[in-house]
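Engineer: Take a look at structure29.pdb, PDB, C-alpha atoms:
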```pdb
ATOM      1  CA  MET S   1     -34.579 -17.642  -6.323
ATOM      2  CA  ALA S   2     -32.563 -15.655  -3.865
ATOM      3  CA  THR S   3     -30.086 -13.148  -5.231
ATOM      4  CA  GLN S   4     -26.907 -12.368  -3.380
ATOM      5  CA  VAL S   5     -26.898  -8.749  -2.224
ATOM      6  CA  PHE S   6     -23.788  -8.781  -0.056
ATOM      7  CA  LYS S   7     -20.510 -10.646  -0.290
ATOM      8  CA  VAL S   8     -16.957 -10.324   0.924
ATOM      9  CA  PRO S   9     -15.101  -8.108  -1.605
ATOM     10  CA  ASP S  10     -13.082 -10.180  -4.104
ATOM     11  CA  ILE S  11      -9.996  -8.088  -3.419
ATOM     12  CA  MET S  12      -9.777  -9.210   0.223
ATOM     13  CA  ILE S  13      -6.979 -11.709   0.882
ATOM     14  CA  ASP S  14      -8.245 -15.309   1.229
ATOM     15  CA  GLY S  15      -8.594 -16.396   4.815
ATOM     16  CA  PHE S  16      -8.020 -12.907   6.222
ATOM     17  CA  LYS S  17      -9.169 -12.164   9.736
ATOM     18  CA  PHE S  18      -9.427  -8.602  11.009
ATOM     19  CA  GLY S  19      -7.197  -8.103  14.032
ATOM     20  CA  PHE S  20      -8.951  -5.007  15.347
ATOM     21  CA  CYS S  21     -10.685  -4.676  18.700
ATOM     22  CA  PRO S  22     -14.361  -5.689  18.811
ATOM     23  CA  GLY S  23     -16.544  -2.929  17.404
ATOM     24  CA  CYS S  24     -13.683  -0.972  15.803
ATOM     25  CA  ASP S  25     -14.760   0.836  12.645
ATOM     26  CA  HIS S  26     -11.439   0.217  10.884
ATOM     27  CA  GLY S  27     -12.934  -3.022   9.565
ATOM     28  CA  VAL S  28     -15.852  -1.139   8.038
ATOM     29  CA  ALA S  29     -13.559   1.492   6.521
ATOM     30  CA  MET S  30     -11.260  -1.138   4.995
ATOM     31  CA  ARG S  31     -14.234  -3.036   3.604
ATOM     32  CA  LEU S  32     -15.527   0.167   1.969
ATOM     33  CA  VAL S  33     -12.107   0.828   0.420
ATOM     34  CA  ALA S  34     -11.995  -2.772  -0.838
ATOM     35  CA  GLU S  35     -15.500  -2.548  -2.294
ATOM     36  CA  CYS S  36     -14.610   0.694  -4.098
ATOM     37  CA  LEU S  37     -11.415  -0.837  -5.528
ATOM     38  CA  ASP S  38     -13.462  -3.847  -6.667
ATOM     39  CA  GLU S  39     -16.166  -1.746  -8.276
ATOM     40  CA  LEU S  40     -13.659   0.473 -10.087
ATOM     41  CA  ASN S  41     -11.752  -2.657 -11.181
ATOM     42  CA  LEU S  42      -8.451  -1.382  -9.807
ATOM     43  CA  GLN S  43      -6.980  -4.507  -8.231
ATOM     44  CA  GLU S  44      -4.231  -5.033 -10.809
ATOM     45  CA  ASN S  45      -3.337  -1.361 -11.090
ATOM     46  CA  THR S  46      -3.193  -0.139  -7.498
ATOM     47  CA  ILE S  47      -0.306   0.698  -5.194
ATOM     48  CA  CYS S  48      -1.177   1.468  -1.593
ATOM     49  CA  ALA S  49       1.069   3.310   0.857
ATOM     50  CA  SER S  50       0.237   2.147   4.349
ATOM     51  CA  ALA S  51       0.989   4.184   7.401
ATOM     52  CA  ILE S  52       1.731   3.524  11.060
ATOM     53  CA  GLY S  53      -0.911   2.649  13.618
ATOM     54  CA  CYS S  54      -3.886   0.341  13.369
ATOM     55  CA  SER S  55      -4.237   1.410   9.729
ATOM     56  CA  VAL S  56      -0.941  -0.315   8.884
ATOM     57  CA  CYS S  57      -2.693  -3.687   8.835
ATOM     58  CA  ILE S  58      -4.313  -2.916   5.466
ATOM     59  CA  TYR S  59      -1.712  -5.059   3.660
ATOM     60  CA  ASP S  60      -2.825  -8.091   5.640
ATOM     61  CA  TYR S  61      -6.383  -7.741   4.402
ATOM     62  CA  ILE S  62      -6.479  -6.132   0.968
ATOM     63  CA  ASN S  63      -4.701  -7.860  -1.876
ATOM     64  CA  VAL S  64      -2.949  -4.948  -3.612
ATOM     65  CA  ASP S  65       0.714  -3.998  -3.842
ATOM     66  CA  THR S  66       1.558  -2.062  -0.690
ATOM     67  CA  ILE S  67       4.606  -0.204   0.536
ATOM     68  CA  GLU S  68       5.100   0.510   4.180
ATOM     69  CA  ALA S  69       6.026   4.049   5.184
ATOM     70  CA  PRO S  70       7.708   5.356   8.339
ATOM     71  CA  HIS S  71       5.563   7.376  10.717
ATOM     72  CA  GLY S  72       3.554   9.971   8.824
ATOM     73  CA  ARG S  73       5.388   9.558   5.513
ATOM     74  CA  ALA S  74       2.832   7.536   3.595
ATOM     75  CA  ILE S  75       1.850  10.558   1.499
ATOM     76  CA  ALA S  76       5.508  11.266   0.681
ATOM     77  CA  GLU S  77       5.975   7.690  -0.543
ATOM     78  CA  ALA S  78       2.717   7.827  -2.463
ATOM     79  CA  THR S  79       3.945  11.013  -4.138
ATOM     80  CA  GLY S  80       7.100   9.260  -5.286
ATOM     81  CA  VAL S  81       5.205   6.218  -6.534
ATOM     82  CA  LYS S  82       2.711   8.320  -8.450
ATOM     83  CA  ARG S  83       5.414  10.451 -10.060
ATOM     84  CA  ALA S  84       7.427   7.397 -11.086
ATOM     85  CA  LYS S  85       4.363   5.457 -12.262
ATOM     86  CA  PRO S  86       1.703   8.006 -13.273
ATOM     87  CA  ASP S  87      -0.527   5.314 -14.764
ATOM     88  CA  LYS S  88      -0.947   3.534 -11.419
ATOM     89  CA  PHE S  89      -3.732   4.204  -8.967
ATOM     90  CA  VAL S  90      -2.097   5.285  -5.701
ATOM     91  CA  PHE S  91      -3.802   5.775  -2.368
ATOM     92  CA  THR S  92      -2.859   6.014   1.285
ATOM     93  CA  TYR S  93      -4.783   4.743   4.284
ATOM     94  CA  GLN S  94      -3.811   6.570   7.448
ATOM     95  CA  GLY S  95      -4.963   7.484  10.908
ATOM     96  CA  ASP S  96      -5.411  11.004  12.177
ATOM     97  CA  GLY S  97      -2.225  11.089  14.246
ATOM     98  CA  ASP S  98      -0.254   9.868  11.260
ATOM     99  CA  PHE S  99      -1.883  12.119   8.687
ATOM    100  CA  ALA S 100      -2.454  15.314  10.646
ATOM    101  CA  SER S 101       0.258  15.373  13.271
ATOM    102  CA  ILE S 102       3.354  13.300  12.526
ATOM    103  CA  GLY S 103       3.043  13.674   8.770
ATOM    104  CA  LEU S 104       1.231  16.991   8.538
ATOM    105  CA  ALA S 105       3.970  18.660   6.494
ATOM    106  CA  GLU S 106       4.019  15.823   3.948
ATOM    107  CA  SER S 107       0.245  15.632   3.778
ATOM    108  CA  MET S 108      -0.380  19.341   3.450
ATOM    109  CA  HIS S 109       2.325  19.983   0.888
ATOM    110  CA  ALA S 110       1.152  17.059  -1.224
ATOM    111  CA  ALA S 111      -2.280  18.680  -1.129
ATOM    112  CA  LEU S 112      -0.830  22.079  -2.022
ATOM    113  CA  ARG S 113       1.133  20.586  -4.921
ATOM    114  CA  GLY S 114      -2.018  18.862  -6.108
ATOM    115  CA  GLU S 115      -0.434  15.419  -6.266
ATOM    116  CA  LYS S 116      -2.841  13.110  -8.082
ATOM    117  CA  ILE S 117      -3.242  10.658  -5.214
ATOM    118  CA  SER S 118      -6.052   9.769  -2.825
ATOM    119  CA  ALA S 119      -5.784   9.830   0.954
ATOM    120  CA  ILE S 120      -8.127   8.146   3.407
ATOM    121  CA  CYS S 121      -7.767   9.374   6.992
ATOM    122  CA  ILE S 122      -9.441   7.652   9.934
ATOM    123  CA  ASN S 123     -10.280  10.126  12.690
ATOM    124  CA  ASN S 124     -10.841   8.449  16.058
ATOM    125  CA  THR S 125      -9.666  11.398  18.205
ATOM    126  CA  ASN S 126      -6.649   9.621  19.707
ATOM    127  CA  TYR S 127      -3.585   7.505  18.948
ATOM    128  CA  GLY S 128      -5.365   4.158  18.983
ATOM    129  CA  MET S 129      -2.640   1.538  18.574
ATOM    130  CA  THR S 130      -0.256   2.959  21.155
ATOM    131  CA  GLY S 131      -2.830   3.137  23.922
ATOM    132  CA  GLY S 132      -5.040   6.162  23.434
ATOM    133  CA  GLN S 133      -2.746   9.181  23.750
ATOM    134  CA  LEU S 134      -3.796  12.733  22.954
ATOM    135  CA  GLY S 135      -3.711  13.367  19.220
ATOM    136  CA  PRO S 136      -4.267  16.329  16.909
ATOM    137  CA  THR S 137      -8.005  15.665  16.729
ATOM    138  CA  THR S 138      -8.614  14.952  20.430
ATOM    139  CA  MET S 139     -11.653  16.965  21.414
ATOM    140  CA  VAL S 140     -11.649  19.703  24.035
ATOM    141  CA  GLY S 141     -12.226  18.090  27.438
ATOM    142  CA  GLN S 142     -11.602  14.542  26.198
ATOM    143  CA  VAL S 143      -9.749  12.332  28.670
ATOM    144  CA  THR S 144      -6.852  10.367  27.180
ATOM    145  CA  THR S 145      -3.906   8.593  28.761
ATOM    146  CA  THR S 146      -1.722  11.698  28.281
ATOM    147  CA  SER S 147      -4.444  14.196  29.204
ATOM    148  CA  PRO S 148      -5.919  12.536  32.305
ATOM    149  CA  THR S 149      -7.858  15.662  33.288
ATOM    150  CA  GLY S 150      -9.198  16.203  29.772
ATOM    151  CA  ARG S 151      -7.844  18.235  26.859
ATOM    152  CA  ASN S 152      -7.165  21.612  28.358
ATOM    153  CA  LEU S 153      -7.418  24.584  25.974
ATOM    154  CA  GLU S 154      -4.730  26.628  27.690
ATOM    155  CA  TYR S 155      -2.246  23.785  27.582
ATOM    156  CA  TYR S 156      -3.073  21.848  24.403
ATOM    157  CA  GLY S 157      -5.109  24.241  22.261
ATOM    158  CA  TYR S 158      -7.808  23.247  19.811
ATOM    159  CA  PRO S 159      -8.306  20.063  17.771
ATOM    160  CA  MET S 160      -7.599  20.141  14.045
ATOM    161  CA  LYS S 161     -10.447  19.994  11.551
ATOM    162  CA  ILE S 162      -8.656  18.151   8.799
ATOM    163  CA  ALA S 163     -11.246  18.103   6.018
ATOM    164  CA  GLU S 164     -11.829  21.868   6.280
ATOM    165  CA  GLN S 165      -8.112  22.640   6.366
ATOM    166  CA  PHE S 166      -7.386  20.537   3.311
ATOM    167  CA  ALA S 167     -10.321  22.001   1.425
ATOM    168  CA  LEU S 168      -8.494  25.335   1.632
ATOM    169  CA  CYS S 169      -5.497  23.939  -0.297
ATOM    170  CA  ASP S 170      -5.710  24.894  -3.967
ATOM    171  CA  GLY S 171      -4.395  21.562  -5.253
ATOM    172  CA  VAL S 172      -7.219  19.595  -3.659
ATOM    173  CA  ALA S 173      -9.937  18.311  -5.975
ATOM    174  CA  PHE S 174     -12.143  16.646  -3.388
ATOM    175  CA  SER S 175     -12.265  16.929   0.381
ATOM    176  CA  ALA S 176     -15.023  15.391   2.458
ATOM    177  CA  ARG S 177     -15.738  14.185   5.943
ATOM    178  CA  VAL S 178     -17.951  11.161   6.507
ATOM    179  CA  SER S 179     -19.009   9.141   9.523
ATOM    180  CA  LEU S 180     -19.511   5.434  10.180
ATOM    181  CA  ASP S 181     -21.951   5.706  13.080
ATOM    182  CA  THR S 182     -25.055   4.436  11.271
ATOM    183  CA  VAL S 183     -25.766   2.322   8.203
ATOM    184  CA  PRO S 184     -27.008   5.294   6.098
ATOM    185  CA  ASN S 185     -23.796   7.148   6.964
ATOM    186  CA  ILE S 186     -21.734   4.087   6.010
ATOM    187  CA  ARG S 187     -23.402   4.135   2.593
ATOM    188  CA  LYS S 188     -22.602   7.851   2.249
ATOM    189  CA  ALA S 189     -19.024   7.136   3.286
ATOM    190  CA  LYS S 190     -18.685   4.595   0.511
ATOM    191  CA  ALA S 191     -20.020   7.081  -2.032
ATOM    192  CA  ALA S 192     -17.459   9.660  -0.884
ATOM    193  CA  ILE S 193     -14.552   7.189  -1.062
ATOM    194  CA  LYS S 194     -15.617   6.116  -4.525
ATOM    195  CA  LYS S 195     -15.821   9.713  -5.667
ATOM    196  CA  ALA S 196     -12.370  10.450  -4.272
ATOM    197  CA  PHE S 197     -10.967   7.460  -6.172
ATOM    198  CA  GLU S 198     -12.714   8.511  -9.381
ATOM    199  CA  TYR S 199     -11.236  12.012  -9.109
ATOM    200  CA  GLN S 200      -7.766  10.522  -9.037
ATOM    201  CA  ILE S 201      -8.569   8.351 -12.072
ATOM    202  CA  LYS S 202      -9.725  11.488 -13.883
ATOM    203  CA  GLY S 203      -6.470  13.193 -12.852
ATOM    204  CA  LEU S 204      -8.148  16.156 -11.185
ATOM    205  CA  GLY S 205      -5.825  16.462  -8.196
ATOM    206  CA  PHE S 206      -5.493  15.446  -4.569
ATOM    207  CA  SER S 207      -8.584  13.752  -3.183
ATOM    208  CA  PHE S 208      -9.157  13.346   0.522
ATOM    209  CA  VAL S 209     -11.744  11.630   2.723
ATOM    210  CA  GLU S 210     -11.744  11.928   6.505
ATOM    211  CA  ILE S 211     -13.694   9.133   8.188
ATOM    212  CA  LEU S 212     -15.050   9.579  11.711
ATOM    213  CA  SER S 213     -14.527   6.274  13.443
ATOM    214  CA  SER S 214     -14.975   4.865  16.911
ATOM    215  CA  CYS S 215     -12.242   3.519  19.197
ATOM    216  CA  PRO S 216     -14.196   1.624  21.883
ATOM    217  CA  THR S 217     -11.131   0.222  23.653
ATOM    218  CA  ASN S 218      -9.334   3.509  24.226
ATOM    219  CA  TRP S 219     -12.526   5.441  24.872
ATOM    220  CA  ARG S 220     -13.371   2.794  27.510
ATOM    221  CA  MET S 221     -16.831   2.314  26.028
ATOM    222  CA  THR S 222     -18.969  -0.439  24.568
ATOM    223  CA  PRO S 223     -19.163  -0.416  20.748
ATOM    224  CA  GLN S 224     -22.747   0.843  21.005
ATOM    225  CA  LYS S 225     -21.820   3.729  23.350
ATOM    226  CA  ALA S 226     -18.839   4.566  21.155
ATOM    227  CA  HIS S 227     -21.135   5.098  18.182
ATOM    228  CA  ASP S 228     -23.385   7.260  20.344
ATOM    229  CA  ARG S 229     -20.338   9.359  21.176
ATOM    230  CA  VAL S 230     -19.440   9.696  17.488
ATOM    231  CA  ARG S 231     -22.977  10.861  16.792
ATOM    232  CA  ASP S 232     -23.571  13.093  19.800
ATOM    233  CA  GLU S 233     -20.143  14.604  20.384
ATOM    234  CA  MET S 234     -17.804  14.174  17.430
ATOM    235  CA  MET S 235     -20.260  14.989  14.666
ATOM    236  CA  LYS S 236     -21.122  18.289  16.417
ATOM    237  CA  VAL S 237     -17.490  19.414  16.207
ATOM    238  CA  PHE S 238     -16.336  17.502  13.128
ATOM    239  CA  VAL S 239     -19.381  18.128  10.958
ATOM    240  CA  PRO S 240     -19.677  15.612   8.093
ATOM    241  CA  GLY S 241     -20.047  16.964   4.594
ATOM    242  CA  VAL S 242     -18.311  17.680   1.311
ATOM    243  CA  TYR S 243     -16.029  20.655   1.818
ATOM    244  CA  LYS S 244     -14.553  20.850  -1.646
ATOM    245  CA  ASP S 245     -15.591  19.329  -4.939
ATOM    246  CA  ILE S 246     -14.140  21.035  -7.986
ATOM    247  CA  LEU S 247     -16.520  19.345 -10.413
ATOM    248  CA  GLU S 248     -19.552  20.634  -8.547
ATOM    249  CA  SER S 249     -17.828  23.999  -8.007
ATOM    250  CA  LYS S 250     -18.043  23.628  -4.257
ATOM    251  CA  GLN S 251     -15.254  25.864  -3.000
ATOM    252  CA  VAL S 252     -14.528  27.021   0.507
TER     253      VAL S 252
ATOM    254  CA  MET B   1     -35.855 -17.103   0.919
ATOM    255  CA  SER B   2     -33.870 -14.178   2.310
ATOM    256  CA  HIS B   3     -31.171 -15.142   4.738
ATOM    257  CA  ILE B   4     -27.679 -14.294   5.953
ATOM    258  CA  VAL B   5     -24.589 -16.451   6.420
ATOM    259  CA  ILE B   6     -22.567 -15.830   9.587
ATOM    260  CA  ASP B   7     -19.011 -17.091  10.050
ATOM    261  CA  ASP B   8     -18.991 -17.538  13.821
ATOM    262  CA  LYS B   9     -15.185 -17.872  13.903
ATOM    263  CA  GLN B  10     -14.890 -14.228  12.783
ATOM    264  CA  CYS B  11     -17.447 -12.815  15.220
ATOM    265  CA  LYS B  12     -15.874 -10.816  18.054
ATOM    266  CA  ALA B  13     -19.160 -10.334  19.887
ATOM    267  CA  CYS B  14     -19.532  -6.560  19.531
ATOM    268  CA  TYR B  15     -23.273  -7.163  18.917
ATOM    269  CA  LEU B  16     -23.669  -4.086  16.725
ATOM    270  CA  CYS B  17     -25.674  -6.162  14.232
ATOM    271  CA  ILE B  18     -28.299  -7.065  16.847
ATOM    272  CA  ASP B  19     -29.362  -3.422  17.147
ATOM    273  CA  GLU B  20     -29.253  -2.965  13.404
ATOM    274  CA  CYS B  21     -31.665  -5.752  12.342
ATOM    275  CA  PRO B  22     -35.125  -4.249  11.772
ATOM    276  CA  LYS B  23     -36.788  -7.626  12.470
ATOM    277  CA  LYS B  24     -34.546  -8.568  15.429
ATOM    278  CA  LEU B  25     -33.572 -11.897  13.897
ATOM    279  CA  ILE B  26     -29.994 -11.965  15.206
ATOM    280  CA  LYS B  27     -29.372 -13.213  18.724
ATOM    281  CA  VAL B  28     -26.457 -14.152  20.953
ATOM    282  CA  SER B  29     -25.513 -17.818  20.653
ATOM    283  CA  ASP B  30     -25.167 -20.194  23.589
ATOM    284  CA  LYS B  31     -21.920 -21.522  22.127
ATOM    285  CA  VAL B  32     -18.442 -20.094  22.648
ATOM    286  CA  ASN B  33     -16.232 -19.660  19.582
ATOM    287  CA  ASN B  34     -12.460 -19.961  19.089
ATOM    288  CA  LEU B  35     -11.978 -16.357  20.310
ATOM    289  CA  GLY B  36     -13.664 -17.125  23.614
ATOM    290  CA  ALA B  37     -16.573 -14.922  22.631
ATOM    291  CA  ARG B  38     -20.231 -15.749  22.279
ATOM    292  CA  PRO B  39     -20.898 -15.148  18.597
ATOM    293  CA  VAL B  40     -24.205 -14.055  17.136
ATOM    294  CA  GLU B  41     -26.474 -16.458  15.296
ATOM    295  CA  PHE B  42     -29.273 -16.023  12.799
ATOM    296  CA  TYR B  43     -32.640 -17.120  14.104
ATOM    297  CA  ASP B  44     -35.478 -16.764  11.617
ATOM    298  CA  PRO B  45     -38.117 -19.518  12.130
ATOM    299  CA  ASN B  46     -40.869 -17.590  10.332
ATOM    300  CA  GLY B  47     -38.896 -16.439   7.280
ATOM    301  CA  GLU B  48     -39.087 -12.744   8.194
ATOM    302  CA  CYS B  49     -35.632 -11.734   6.925
ATOM    303  CA  LEU B  50     -35.843  -8.894   4.395
ATOM    304  CA  GLY B  51     -32.340  -9.321   2.976
ATOM    305  CA  CYS B  52     -31.674  -5.627   3.672
ATOM    306  CA  ALA B  53     -27.975  -6.302   4.436
ATOM    307  CA  MET B  54     -27.900  -3.669   7.181
ATOM    308  CA  CYS B  55     -26.336  -6.181   9.588
ATOM    309  CA  ALA B  56     -23.615  -7.005   7.069
ATOM    310  CA  THR B  57     -22.995  -3.327   6.324
ATOM    311  CA  ARG B  58     -22.595  -2.640  10.027
ATOM    312  CA  CYS B  59     -20.463  -5.686  10.924
ATOM    313  CA  PRO B  60     -16.887  -4.402  11.457
ATOM    314  CA  ASP B  61     -15.342  -7.863  11.111
ATOM    315  CA  LEU B  62     -17.057  -9.137   7.972
ATOM    316  CA  ALA B  63     -18.417 -12.010  10.065
ATOM    317  CA  ILE B  64     -21.676 -11.739   8.129
ATOM    318  CA  ARG B  65     -20.209 -13.064   4.896
ATOM    319  CA  GLU B  66     -23.186 -13.342   2.588
ATOM    320  CA  VAL B  67     -26.687 -11.907   2.365
ATOM    321  CA  TYR B  68     -29.367 -13.270   0.040
ATOM    322  CA  ARG B  69     -32.600 -11.511  -0.838
ATOM    323  CA  GLY B  70     -35.762 -12.896  -2.378
TER     324      GLY B  70
END
```
Before anything else, please render the file you have as structure tokens.
Structural biologist:
Amino acid sequence: MATQVFKVPDIMIDGFKFGFCPGCDHGVAMRLVAECLDELNLQENTICASAIGCSVCIYDYINVDTIEAPHGRAIAEATGVKRAKPDKFVFTYQGDGDFASIGLAESMHAALRGEKISAICINNTNYGMTGGQLGPTTMVGQVTTTSPTGRNLEYYGYPMKIAEQFALCDGVAFSARVSLDTVPNIRKAKAAIKKAFEYQIKGLGFSFVEILSSCPTNWRMTPQKAHDRVRDEMMKVFVPGVYKDILESKQV
Amino acid sequence: MSHIVIDDKQCKACYLCIDECPKKLIKVSDKVNNLGARPVEFYDPNGECLGCAMCATRCPDLAIREVYRG
């Protein structure tokens, strides 16, 4: 008798179809979020603030109440929702440009205030939906449509290491960076997302997970090569790991 | 018997699952699906599938809908 070991999460909307480019890791990240919501039995009690960019599509795929925020303001809306309805589970799903550039003030001050919300940030080192422009996490030397000769240190400066920066904020309960390049790392990513969600349920403070993802279309690579780049280039600069965990007294 | 269920209408032909399968039981189909892509198909004549679900964990489009083990 065969037992079922994998199924589509119950919380996914019936008949959904991911609209991402072939090989994009957004689908994996959204599935992990959906599996965590399923396992923590949060479907009826969740409000999601969706951001701008490819990550906005979350309300087409995951069947929870969602509000749409203007560019970068998902965390600000999530703050309002959580303060008005403290018993609800509130999370945001954002890209790196949205979280760490357009909405950096909102994101960082929510972290400093220790708002009891969870934030998932997809780091693909560019602005994916708008055509691959230079973003806050674009790596030194990386060619994008707005840095055709590569990210130049003298002109653009250094990329932002989001998980480390947020770990320094005192209101943060959990800050981690995970990668989706291999199956073992996907399993670790799910564990980190689940932990971040549990920390909000326990009311410990702001919980944050940065997910290293590939963007094969804008990197002009095959999905396989894009994962090689995540592994060989991105993970050397954006090192995965747990940067803050107040229950395991891991402080920066 | 361990096996997987692929929804070929969801497959966007990124072929990440082909590299992932430890027994190499997933191959590119001869057919073309509604997206104009050649989806993957499960080919396991000797019952080698382990039901490890690595292909399904990797699939970014949830085209591998179900995995059974045992």
Engineer: Mind checking which residues fall within 6 Å of region 71-86 of chain S, counting only C-alpha atoms, ignoring those fewer than 5 positions away in the same chain, and posting them as a list of chain:residue names?
Structural biologist: S:Ala49, S:Ala51, S:Ile52, S:Asp98, S:Phe99, S:Ile102, S:Gly103, S:Glu106, S:Ser107
Engineer: Record the distance separating CA of Thr217 (chain S) and CA of Asn124 (chain S), expressed in Å with one decimal.
Structural biologist: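 These atoms are spaced 11.2 Å apart.
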Engineer: Considering only C-alpha atoms, state which residue in the set B:Val32, B:Leu50, B:Ala13, B:Ile26 is at the smallest distance from chain S.
Structural biologist: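 For chain S, the nearest of the given residues is B:Ala13.
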Engineer: Quick one: everything within 10 Å of region 43-48 of chain B, counting all atoms listed in the file, minus sequence neighbours fewer than 6 positions away in the same chain. Send it as a ChimeraX atom specification.
Structural biologist: /B:1-4,23-29
Engineer: Selected residues, C-alpha atoms, written as an mmCIF file, keeping the file's coordinate frame, please.
Structural biologist:
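Written file, again.cif:
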```
data_model
loop_
_atom_site.group_PDB
_atom_site.id
_atom_site.type_symbol
_atom_site.label_atom_id
_atom_site.label_comp_id
_atom_site.auth_asym_id
_atom_site.auth_seq_id
_atom_site.Cartn_x
_atom_site.Cartn_y
_atom_site.Cartn_z
ATOM 1 C CA MET B 1 -35.855 -17.103 0.919
ATOM 2 C CA SER B 2 -33.870 -14.178 2.310
ATOM 3 C CA HIS B 3 -31.171 -15.142 4.738
ATOM 4 C CA ILE B 4 -27.679 -14.294 5.953
ATOM 5 C CA LYS B 23 -36.788 -7.626 12.470
ATOM 6 C CA LYS B 24 -34.546 -8.568 15.429
ATOM 7 C CA LEU B 25 -33.572 -11.897 13.897
ATOM 8 C CA ILE B 26 -29.994 -11.965 15.206
ATOM 9 C CA LYS B 27 -29.372 -13.213 18.724
ATOM 10 C CA VAL B 28 -26.457 -14.152 20.953
ATOM 11 C CA SER B 29 -25.513 -17.818 20.653
#
```
Engineer: Residue by residue, what does the ChimeraX specification (/B :<10) & /S grab here? Present the result as JSON, numbers by chain.
Structural biologist: {"S": [1, 2, 3, 4, 5, 6, 7, 8, 9, 16, 17, 18, 19, 20, 21, 22, 23, 24, 25, 26, 27, 28, 29, 30, 31, 32, 180, 181, 182, 183, 184, 186, 187, 222, 223, 224, 227]}
Engineer: Quick one: of S:Ile120, S:Leu212, S:Met129, S:Val64, who's nearest to Lys236 (chain S), counting all atoms listed in the file?
Structural biologist: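 Nearest candidate to Lys236 (chain S) out of S:Ile120, S:Leu212, S:Met129, S:Val64: S:Leu212.
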Engineer: Expanded to explicit residues, what is the PyMOL selection byres ((chain S and resi 230) around 12) for this file, as a VMD selection string?
Structural biologist: chain S and resid 25 123 to 125 139 178 to 182 185 211 to 216 219 221 223 to 229 231 to 240
Engineer: I need the residues from that last selection saved to file as a short mmCIF file (atom, residue, chain, number, x, y, z; two decimals), in the coordinates of the input (with C-alpha atoms), if you can.
Structural biologist:
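Saved to result.cif:
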```cif
data_model
loop_
_atom_site.label_atom_id
_atom_site.label_comp_id
_atom_site.auth_asym_id
_atom_site.auth_seq_id
_atom_site.Cartn_x
_atom_site.Cartn_y
_atom_site.Cartn_z
CA ASP S 25 -14.76 0.84 12.64
CA ASN S 123 -10.28 10.13 12.69
CA ASN S 124 -10.84 8.45 16.06
CA THR S 125 -9.67 11.40 18.20
CA MET S 139 -11.65 16.96 21.41
CA VAL S 178 -17.95 11.16 6.51
CA SER S 179 -19.01 9.14 9.52
CA LEU S 180 -19.51 5.43 10.18
CA ASP S 181 -21.95 5.71 13.08
CA THR S 182 -25.06 4.44 11.27
CA ASN S 185 -23.80 7.15 6.96
CA ILE S 211 -13.69 9.13 8.19
CA LEU S 212 -15.05 9.58 11.71
CA SER S 213 -14.53 6.27 13.44
CA SER S 214 -14.98 4.86 16.91
CA CYS S 215 -12.24 3.52 19.20
CA PRO S 216 -14.20 1.62 21.88
CA TRP S 219 -12.53 5.44 24.87
CA MET S 221 -16.83 2.31 26.03
CA PRO S 223 -19.16 -0.42 20.75
CA GLN S 224 -22.75 0.84 21.00
CA LYS S 225 -21.82 3.73 23.35
CA ALA S 226 -18.84 4.57 21.16
CA HIS S 227 -21.14 5.10 18.18
CA ASP S 228 -23.38 7.26 20.34
CA ARG S 229 -20.34 9.36 21.18
CA ARG S 231 -22.98 10.86 16.79
CA ASP S 232 -23.57 13.09 19.80
CA GLU S 233 -20.14 14.60 20.38
CA MET S 234 -17.80 14.17 17.43
CA MET S 235 -20.26 14.99 14.67
CA LYS S 236 -21.12 18.29 16.42
CA VAL S 237 -17.49 19.41 16.21
CA PHE S 238 -16.34 17.50 13.13
CA VAL S 239 -19.38 18.13 10.96
CA PRO S 240 -19.68 15.61 8.09
#
```
Engineer: What would the selection look like, as a list of chain:residue names, if the PyMOL selection byres ((chain S and resi 93) around 7) were run on the coordinates I just shared?
Structural biologist: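 Selected by the PyMOL selection byres ((chain S and resi 93) around 7) in this file: S:Ala49, S:Ser50, S:Ala51, S:Ser55, S:Phe91, S:Thr92, S:Gln94, S:Ala119, S:Ile120, S:Cys121.
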Engineer: CA of Ser101 (chain S) to CA of Pro70 (chain S): how many Å, to one decimal?
Structural biologist: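 It comes out at 13.4 Å.
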Engineer: Can you work out the spacing between CA of Gly15 (chain S) and CA of Leu35 (chain B) in Å, to one decimal?
Structural biologist: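 Interatomic distance, CA of Gly15 (chain S) to CA of Leu35 (chain B): 15.9 Å.
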Engineer: Return the single residue from S:Cys48, S:Asp96, S:Ala173, S:Ile11 that is closest to Ile62 (chain S), with distances computed using all atoms listed in the file.
Structural biologist: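 Counting all atoms listed in the file, the residue closest to Ile62 (chain S) is S:Ile11.
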Engineer: Which residues, written as a VMD selection string, have at least one atom at most 7 Å from Pro136 (chain S), with all atoms listed in the file counted and residues fewer than 2 positions away on the same chain left out?
Structural biologist: chain S and resid 97 100 to 101 138 159 to 160
Engineer: Would you export the selected residues with C-alpha atoms as an mmCIF file, keeping the file's coordinate frame, please?
Structural biologist:
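Result written to part-v3.cif:
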```cif
data_model
loop_
_atom_site.group_PDB
_atom_site.id
_atom_site.type_symbol
_atom_site.label_atom_id
_atom_site.label_comp_id
_atom_site.auth_asym_id
_atom_site.auth_seq_id
_atom_site.Cartn_x
_atom_site.Cartn_y
_atom_site.Cartn_z
ATOM 1 C CA GLY S 97 -2.225 11.089 14.246
ATOM 2 C CA ALA S 100 -2.454 15.314 10.646
ATOM 3 C CA SER S 101 0.258 15.373 13.271
ATOM 4 C CA THR S 138 -8.614 14.952 20.430
ATOM 5 C CA PRO S 159 -8.306 20.063 17.771
ATOM 6 C CA MET S 160 -7.599 20.141 14.045
#
```
Engineer: Of the candidates S:Gly128, S:Gln200, S:Gly205, S:Gly95, which shows the shortest atom-to-atom distance to Arg113 (chain S), using all atoms listed in the file?
Structural biologist: S:Gly205
